[in-house]
Amino acid sequence: MTVTMEKVVNLCKRRGFVFPSSEIYGGFASTWDYGPLGIELKRNIRDSWWRYMVTSRENVVGLESAILMHPRVWEASGHIAGFSDPLVDCRVCKRRFRADHIPEKVDRQCAKGAECDFTDTRQFNLMFKTFVGPVEDEAAVAFLRPETAQGMFVNFLNVQQSGRLKPPFGIAQIGKSFRNEITPGNFIFRTREFEQMEMEFFVKPGSDDEWFEYWREQRMNWYTQRLGIDATNLRFYDHPKEDLAHYSKATTDIEYRYPFGWGELEGVANRTNFDLKQHSEYSGKDLTFFDEESRERYQPYVIEPAAGVDRILLITLLDAYREDEQEGEPRIVLRFHPRLAPIKVGIFPLLRKEGQPEKALQLRDILKERFAVFYDQAGSIGRRYRRQDEVGTPFGITVDHQTMQDDTVTLRDRDTLEQIRLPIDRLIPELIQRIET
Ligand code: ATP
C-alpha cells in the first residue's frame with residue numbers, strides 16, 4: 001500500500017483534522033485550518049516537544065515574543081537585505097516560479113502546451129510587510145516575523161539576567177511565522193503562515209562543535225523515540241560547506257521521505273555568534289556574557305534546532321496511515337503513537353439496553369478528567385471500532401452484559417486488536433502505562 005498525499009488530504013478533511021481555509025468562499029491559496037482532531041494532534045506535538053526540549057531540562061527556558069518586532073531587528077538579522085528567493089515570471093502563462101524550483105514542463109500548465117517564456121531572475125523578499133498605526137508610510141512599516149528565532153536573540157540579556165543563567169543554556173519558543181513563499185504547496189508542507197518550534201542554545205565558543213553534534217542526535221531521537229516515527233523514513237542531510245548560509249558554520253537537515261520525495265523537516269544549525277554580534281552592533285547593547293569564575297568575557301555561539309509544527313503534523317499522518325482489512329471489511333487506520341493520538345479512548349456500550357449506555361456514560365465522565373475520550377453508541381460495534389481506528393484512537397473500551405454483573409470491561413488495542421477484560425478500577429493505571437510507554 002502506498003500512502004499518497006491525496007489519501008491523507010481526504011482523510012484530514014473527512015474526519016476534521018485539516019480543512020481548506022475560507023472554504024465557503026472557494027478557499028484561500030495554500031492556507032489551511034485545523035479542525036477539532038487536528039488541533040488535538042497539534043497540541044500533542046507541541047506538548048511533547050516542550051517537555052523534551054524545555055521542562056525536562058534544567059538549562060532550557062521558554063519565551064513567547066511578539067510576532068511584530070522593531071524593524072531594525074530585520075536589518076540586523078540580514079532579512080531585509082538577504083531573505084529572498086530568486087523569482088522568474090512566465091510571460092505566456094503569467095505564472096511565477098522560484099528560479100531554483102522550476103517544475104517540469106508537464107507540471108507547469110503553460111498556455112496550450114506552449115513553452116514558458118521566462119523573465120530574468122529577480123530577488124523577491126519573503127517577508128510580509130504591514131503598517132503599524134493609522135499612517136501608511138515608510139516610517140510605519142513593520143514585518144510579520146519570518147522566524148521565531150530573533151525573539152530569542154533580542155531577549156538574550158533579559159532572559160539571561162532575570163534567570164541568572166550561564167552558558168550553556170537555551171531559550172525555546174513555539175509560535176507562528178510568516179513567509180510570502182513563491183511556490184507554497186504540498187498541502188501543509190509549505191504554506192505562507194506556519195508554526196515553528198525553535199530553540200537557541202547559547203554555548204561557549206570552542207564547545208560549539210560538540211553541542212552541534214549533541215543536538216543533531218537529540219533531535220533525531222525525539223522523532224523516533226517520542227513520536228514513534230519510522231527511522232527508515234528519516235535521514236540526516238549535512239549541507240556541504242559551499243552551500244552554507246553566510247552565518248552558519250554547519251547545518252544539518254533532518255529529512256523525511258514524503259510521498260513527493262525526501263524533504264526538509266527540521267534544520268539544526270551552528271549559527272556561530274552571528275546574531276548576537278549583529279544585534280550588539282545595531283542596538284548598541286553589549287550582548288556578551290561575563291563568566292565570573294574564569295573572569296572571561298565572550299559572545300556565545302548558538303546552536304539552533306528549528307522545526308515546523310505543520311510539517312511534523314503532516315509526517316505523523318503520513319507515517320501512521322495504513323489500509324488493511326478487518327473481518328472482511330476494508331479499514332483505514334492511523335497507527336499514531338498513543339501519545340500523539342487526538343482521542344485516546346473510545347467508549348462503547350455493546351447494546352443499547354440493560355443500562356449499558358448509562359454505565360458507559362458514567363465511565364466516560366470518570367475517564368474524561370484524565371484523557372481525551374469519545375463516546376459512541378451508534379451502529380454496530382465493528383463499525384464503531386473502525387471509525388475510531390480511522391482517526392488513530394489507540395484504545396477502545398466496551399461495556400457489555402458482563403460489565404453489568406461484575407464491573408469489568410473489555411479493552412481493545414487498535415494495532416494488535418487484542419482484547420482483554422479488566423476491572424473498571426484498573427483502567428486508569430493501565431491506560432496511563434500504555435500511553436506513556
Ligand atoms: P525550506 O528549505 O523548506 O524552505 P528553510 O530551510 O527555509 O525551509 P528554516 O528557515 O530552516 O526552513 O525553518 C525551519 C523549519 O520551519 C523548517 O524545517 C520547516 O519545518 C519549517 N518551515 C519553514 N518554512 C516553512 C513553510 N513555508 N511552511 C511550513 N513550514 C515551514
# chains A, B, ... in the order shown; residues from 1 in each chain; ligands from 1
>>> select_by_dssp(residues="segment 217-287 of chain A", states="strand (DSSP E or B)", output="JSON, numbers by chain")
{"A": [234, 235, 236, 237, 238, 250, 251, 252, 253, 254, 255, 256, 257, 258, 261, 262, 263, 264, 265, 266, 267, 268, 269, 270, 271, 272]}
>>> residues_near_ligand(ligand="ligand 1", cutoff="9 Å", atoms="only C-alpha atoms and all ligand atoms", output="short mmCIF file (atom, residue, chain, number, x, y, z; two decimals) with N, CA, C and O atoms, in the first residue's frame")
data_model
loop_
_atom_site.label_atom_id
_atom_site.label_comp_id
_atom_site.auth_asym_id
_atom_site.auth_seq_id
_atom_site.Cartn_x
_atom_site.Cartn_y
_atom_site.Cartn_z
N PRO A 146 9.47 36.23 10.00
CA PRO A 146 9.62 35.03 9.17
C PRO A 146 10.24 33.87 9.94
O PRO A 146 10.40 32.78 9.40
N GLU A 147 10.60 34.09 11.18
CA GLU A 147 11.12 33.02 12.05
C GLU A 147 10.95 33.51 13.48
O GLU A 147 10.86 34.72 13.73
N SER A 177 5.01 31.88 12.30
CA SER A 177 5.90 32.65 11.43
C SER A 177 5.23 32.78 10.07
O SER A 177 4.34 32.00 9.74
N PHE A 178 5.70 33.75 9.31
CA PHE A 178 5.06 34.07 8.03
C PHE A 178 6.12 34.26 6.95
O PHE A 178 7.11 34.97 7.19
N ARG A 179 5.92 33.64 5.82
CA ARG A 179 6.82 33.86 4.68
C ARG A 179 5.98 33.90 3.42
O ARG A 179 5.16 33.02 3.20
N ASN A 180 6.22 34.92 2.62
CA ASN A 180 5.44 35.06 1.39
C ASN A 180 6.04 34.15 0.33
O ASN A 180 6.64 34.61 -0.64
N GLU A 181 5.91 32.85 0.54
CA GLU A 181 6.54 31.85 -0.32
C GLU A 181 6.05 32.01 -1.76
O GLU A 181 4.86 32.23 -2.00
N THR A 183 6.31 29.58 -4.11
CA THR A 183 5.64 28.35 -4.50
C THR A 183 5.26 27.52 -3.28
O THR A 183 5.92 26.55 -2.95
N PRO A 184 4.19 27.94 -2.59
CA PRO A 184 3.73 27.11 -1.48
C PRO A 184 3.11 25.85 -2.08
O PRO A 184 2.86 25.78 -3.28
N GLY A 185 2.85 24.86 -1.27
CA GLY A 185 2.17 23.68 -1.82
C GLY A 185 2.48 22.43 -1.06
O GLY A 185 3.12 22.47 0.00
N ILE A 188 0.09 20.99 3.76
CA ILE A 188 0.63 21.85 4.81
C ILE A 188 2.16 21.84 4.87
O ILE A 188 2.75 22.37 5.80
N PHE A 189 2.81 21.23 3.85
CA PHE A 189 4.29 21.19 3.86
C PHE A 189 4.87 22.59 3.74
O PHE A 189 5.79 22.95 4.46
N ARG A 190 4.37 23.36 2.78
CA ARG A 190 4.89 24.71 2.60
C ARG A 190 3.71 25.67 2.48
O ARG A 190 2.95 25.63 1.52
N THR A 191 3.54 26.51 3.47
CA THR A 191 2.44 27.47 3.49
C THR A 191 3.03 28.84 3.80
O THR A 191 4.21 28.95 4.13
N ARG A 192 2.20 29.86 3.74
CA ARG A 192 2.72 31.22 3.99
C ARG A 192 2.61 31.58 5.46
O ARG A 192 3.31 32.45 5.94
N GLU A 193 1.70 30.93 6.14
CA GLU A 193 1.57 31.11 7.59
C GLU A 193 1.79 29.74 8.20
O GLU A 193 1.13 28.78 7.79
N PHE A 194 2.73 29.63 9.11
CA PHE A 194 3.02 28.31 9.68
C PHE A 194 3.54 28.50 11.10
O PHE A 194 3.74 29.63 11.55
N GLU A 195 3.72 27.38 11.76
CA GLU A 195 4.13 27.47 13.17
C GLU A 195 5.48 26.81 13.35
O GLU A 195 5.73 25.73 12.81
N GLN A 196 6.34 27.48 14.09
CA GLN A 196 7.68 26.93 14.31
C GLN A 196 7.91 26.59 15.78
O GLN A 196 7.28 27.17 16.67
N MET A 197 8.83 25.66 15.98
CA MET A 197 9.30 25.34 17.34
C MET A 197 10.82 25.47 17.25
O MET A 197 11.46 24.67 16.56
N GLU A 198 11.35 26.50 17.87
CA GLU A 198 12.78 26.76 17.73
C GLU A 198 13.42 26.91 19.10
O GLU A 198 12.80 27.38 20.04
N ASP A 253 20.09 19.10 8.00
CA ASP A 253 18.63 18.97 7.99
C ASP A 253 18.27 17.57 8.44
O ASP A 253 18.98 16.61 8.11
N ILE A 254 17.17 17.47 9.14
CA ILE A 254 16.55 16.16 9.33
C ILE A 254 15.50 16.09 8.25
O ILE A 254 14.65 16.98 8.14
N GLU A 255 15.61 15.08 7.40
CA GLU A 255 14.68 14.96 6.26
C GLU A 255 13.73 13.79 6.46
O GLU A 255 14.07 12.81 7.13
N GLY A 263 12.49 15.46 1.84
CA GLY A 263 12.44 16.90 2.00
C GLY A 263 12.68 17.28 3.46
O GLY A 263 12.58 16.45 4.37
N GLU A 264 12.96 18.56 3.64
CA GLU A 264 13.31 19.02 5.00
C GLU A 264 12.13 18.94 5.96
O GLU A 264 10.99 19.23 5.62
N LEU A 265 12.48 18.54 7.18
CA LEU A 265 11.52 18.51 8.27
C LEU A 265 11.96 19.50 9.34
O LEU A 265 11.16 20.23 9.92
N GLU A 266 13.26 19.51 9.56
CA GLU A 266 13.83 20.36 10.61
C GLU A 266 15.27 20.70 10.22
O GLU A 266 15.93 19.91 9.57
N GLY A 267 15.73 21.87 10.65
CA GLY A 267 17.13 22.22 10.41
C GLY A 267 17.85 22.40 11.74
O GLY A 267 17.30 22.99 12.67
N VAL A 268 19.06 21.88 11.83
CA VAL A 268 19.89 22.12 13.02
C VAL A 268 21.11 22.89 12.53
O VAL A 268 21.80 22.42 11.62
N ALA A 269 21.34 24.08 13.10
CA ALA A 269 22.42 24.92 12.57
C ALA A 269 23.33 25.42 13.68
O ALA A 269 22.88 25.69 14.80
N PRO A 305 18.18 24.17 16.83
CA PRO A 305 17.28 23.23 16.17
C PRO A 305 15.96 23.95 15.87
O PRO A 305 15.33 24.49 16.78
N ALA A 306 15.57 23.99 14.59
CA ALA A 306 14.36 24.73 14.18
C ALA A 306 13.44 23.80 13.39
O ALA A 306 13.81 23.30 12.33
N ALA A 307 12.24 23.58 13.95
CA ALA A 307 11.31 22.65 13.31
C ALA A 307 9.99 23.34 13.02
O ALA A 307 9.67 24.37 13.62
N GLY A 308 9.21 22.78 12.11
CA GLY A 308 7.90 23.32 11.79
C GLY A 308 6.80 22.38 12.29
O GLY A 308 6.84 21.18 11.99
N VAL A 309 5.87 22.93 13.06
CA VAL A 309 4.81 22.09 13.64
C VAL A 309 3.95 21.46 12.53
O VAL A 309 3.59 20.29 12.60
N ASP A 310 3.65 22.26 11.50
CA ASP A 310 2.75 21.76 10.45
C ASP A 310 3.39 20.60 9.69
O ASP A 310 2.73 19.62 9.36
N ARG A 311 4.69 20.73 9.40
CA ARG A 311 5.37 19.62 8.71
C ARG A 311 5.42 18.39 9.58
O ARG A 311 5.30 17.27 9.09
N ILE A 312 5.59 18.58 10.88
CA ILE A 312 5.63 17.41 11.77
C ILE A 312 4.25 16.76 11.80
O ILE A 312 4.12 15.54 11.75
#
>>> residues_around(residues="Phe187 of chain A", least_positions_apart="5", cutoff="10 Å", atoms="only C-alpha atoms", output="list in words")
Met5, Glu6, Val8, Val9, Val18, Pro20, Ser30, Thr31, Trp32, Asp310, Arg311 and Leu314 of chain A
>>> residues_around(residues="Val54 of chain A", least_positions_apart="2", cutoff="12 Å", atoms="only C-alpha atoms", output="PyMOL selection string")
chain A and resi 46-52+56-63+169-174+197-201
>>> write_last_selection(atoms="N, CA and C atoms", output="short mmCIF file (atom, residue, chain, number, x, y, z; two decimals), in the first residue's frame")
data_model
loop_
_atom_site.label_atom_id
_atom_site.label_comp_id
_atom_site.auth_asym_id
_atom_site.auth_seq_id
_atom_site.Cartn_x
_atom_site.Cartn_y
_atom_site.Cartn_z
N ARG A 46 3.18 19.74 20.08
CA ARG A 46 3.83 20.85 20.81
C ARG A 46 4.18 20.43 22.24
N ASP A 47 3.24 19.76 22.91
CA ASP A 47 3.49 19.36 24.30
C ASP A 47 4.70 18.43 24.40
N SER A 48 4.78 17.51 23.46
CA SER A 48 5.88 16.55 23.51
C SER A 48 7.20 17.28 23.28
N TRP A 49 7.22 18.21 22.33
CA TRP A 49 8.45 18.98 22.06
C TRP A 49 8.83 19.80 23.30
N TRP A 50 7.82 20.45 23.87
CA TRP A 50 8.10 21.34 25.01
C TRP A 50 8.66 20.54 26.20
N ARG A 51 8.05 19.37 26.43
CA ARG A 51 8.53 18.55 27.55
C ARG A 51 9.96 18.09 27.29
N TYR A 52 10.23 17.66 26.06
CA TYR A 52 11.53 17.11 25.71
C TYR A 52 12.61 18.20 25.67
N SER A 56 11.94 19.11 30.70
CA SER A 56 12.75 18.00 31.22
C SER A 56 14.23 18.38 31.33
N ARG A 57 14.57 19.62 31.03
CA ARG A 57 15.99 20.03 31.10
C ARG A 57 16.13 21.19 32.08
N GLU A 58 17.27 21.21 32.75
CA GLU A 58 17.44 22.30 33.72
C GLU A 58 18.08 23.52 33.07
N ASN A 59 18.56 23.38 31.82
CA ASN A 59 19.24 24.53 31.20
C ASN A 59 18.53 25.10 29.97
N VAL A 60 17.24 24.82 29.83
CA VAL A 60 16.48 25.44 28.73
C VAL A 60 15.22 26.07 29.30
N VAL A 61 14.96 27.32 28.90
CA VAL A 61 13.76 28.03 29.39
C VAL A 61 12.94 28.49 28.19
N GLY A 62 11.71 28.90 28.47
CA GLY A 62 10.79 29.27 27.38
C GLY A 62 10.63 30.76 27.23
N LEU A 63 10.06 31.13 26.10
CA LEU A 63 9.82 32.54 25.79
C LEU A 63 8.64 32.60 24.81
N PHE A 169 23.13 27.41 27.89
CA PHE A 169 21.70 27.42 28.19
C PHE A 169 20.92 27.74 26.93
N GLY A 170 19.64 27.40 26.96
CA GLY A 170 18.83 27.58 25.75
C GLY A 170 17.56 28.36 26.02
N ILE A 171 17.06 29.02 24.97
CA ILE A 171 15.76 29.70 25.04
C ILE A 171 14.91 29.13 23.91
N ALA A 172 13.70 28.68 24.29
CA ALA A 172 12.85 27.98 23.31
C ALA A 172 11.56 28.74 23.12
N GLN A 173 11.01 28.61 21.93
CA GLN A 173 9.75 29.29 21.64
C GLN A 173 8.96 28.51 20.60
N ILE A 174 7.63 28.51 20.78
CA ILE A 174 6.74 27.95 19.77
C ILE A 174 5.83 29.07 19.31
N MET A 197 8.83 25.66 15.98
CA MET A 197 9.30 25.34 17.34
C MET A 197 10.82 25.47 17.25
N GLU A 198 11.35 26.50 17.87
CA GLU A 198 12.78 26.76 17.73
C GLU A 198 13.42 26.91 19.10
N MET A 199 14.69 26.52 19.16
CA MET A 199 15.42 26.67 20.41
C MET A 199 16.81 27.20 20.08
N GLU A 200 17.19 28.27 20.76
CA GLU A 200 18.54 28.84 20.55
C GLU A 200 19.35 28.45 21.77
N PHE A 201 20.41 27.69 21.54
CA PHE A 201 21.22 27.17 22.64
C PHE A 201 22.57 27.89 22.63
#
>>> select_by_dssp(residues="segment 291-426 of chain A", states="alpha helix (DSSP H)", output="PyMOL selection string")
chain A and resi 309-320+356-367+381-390+401-406
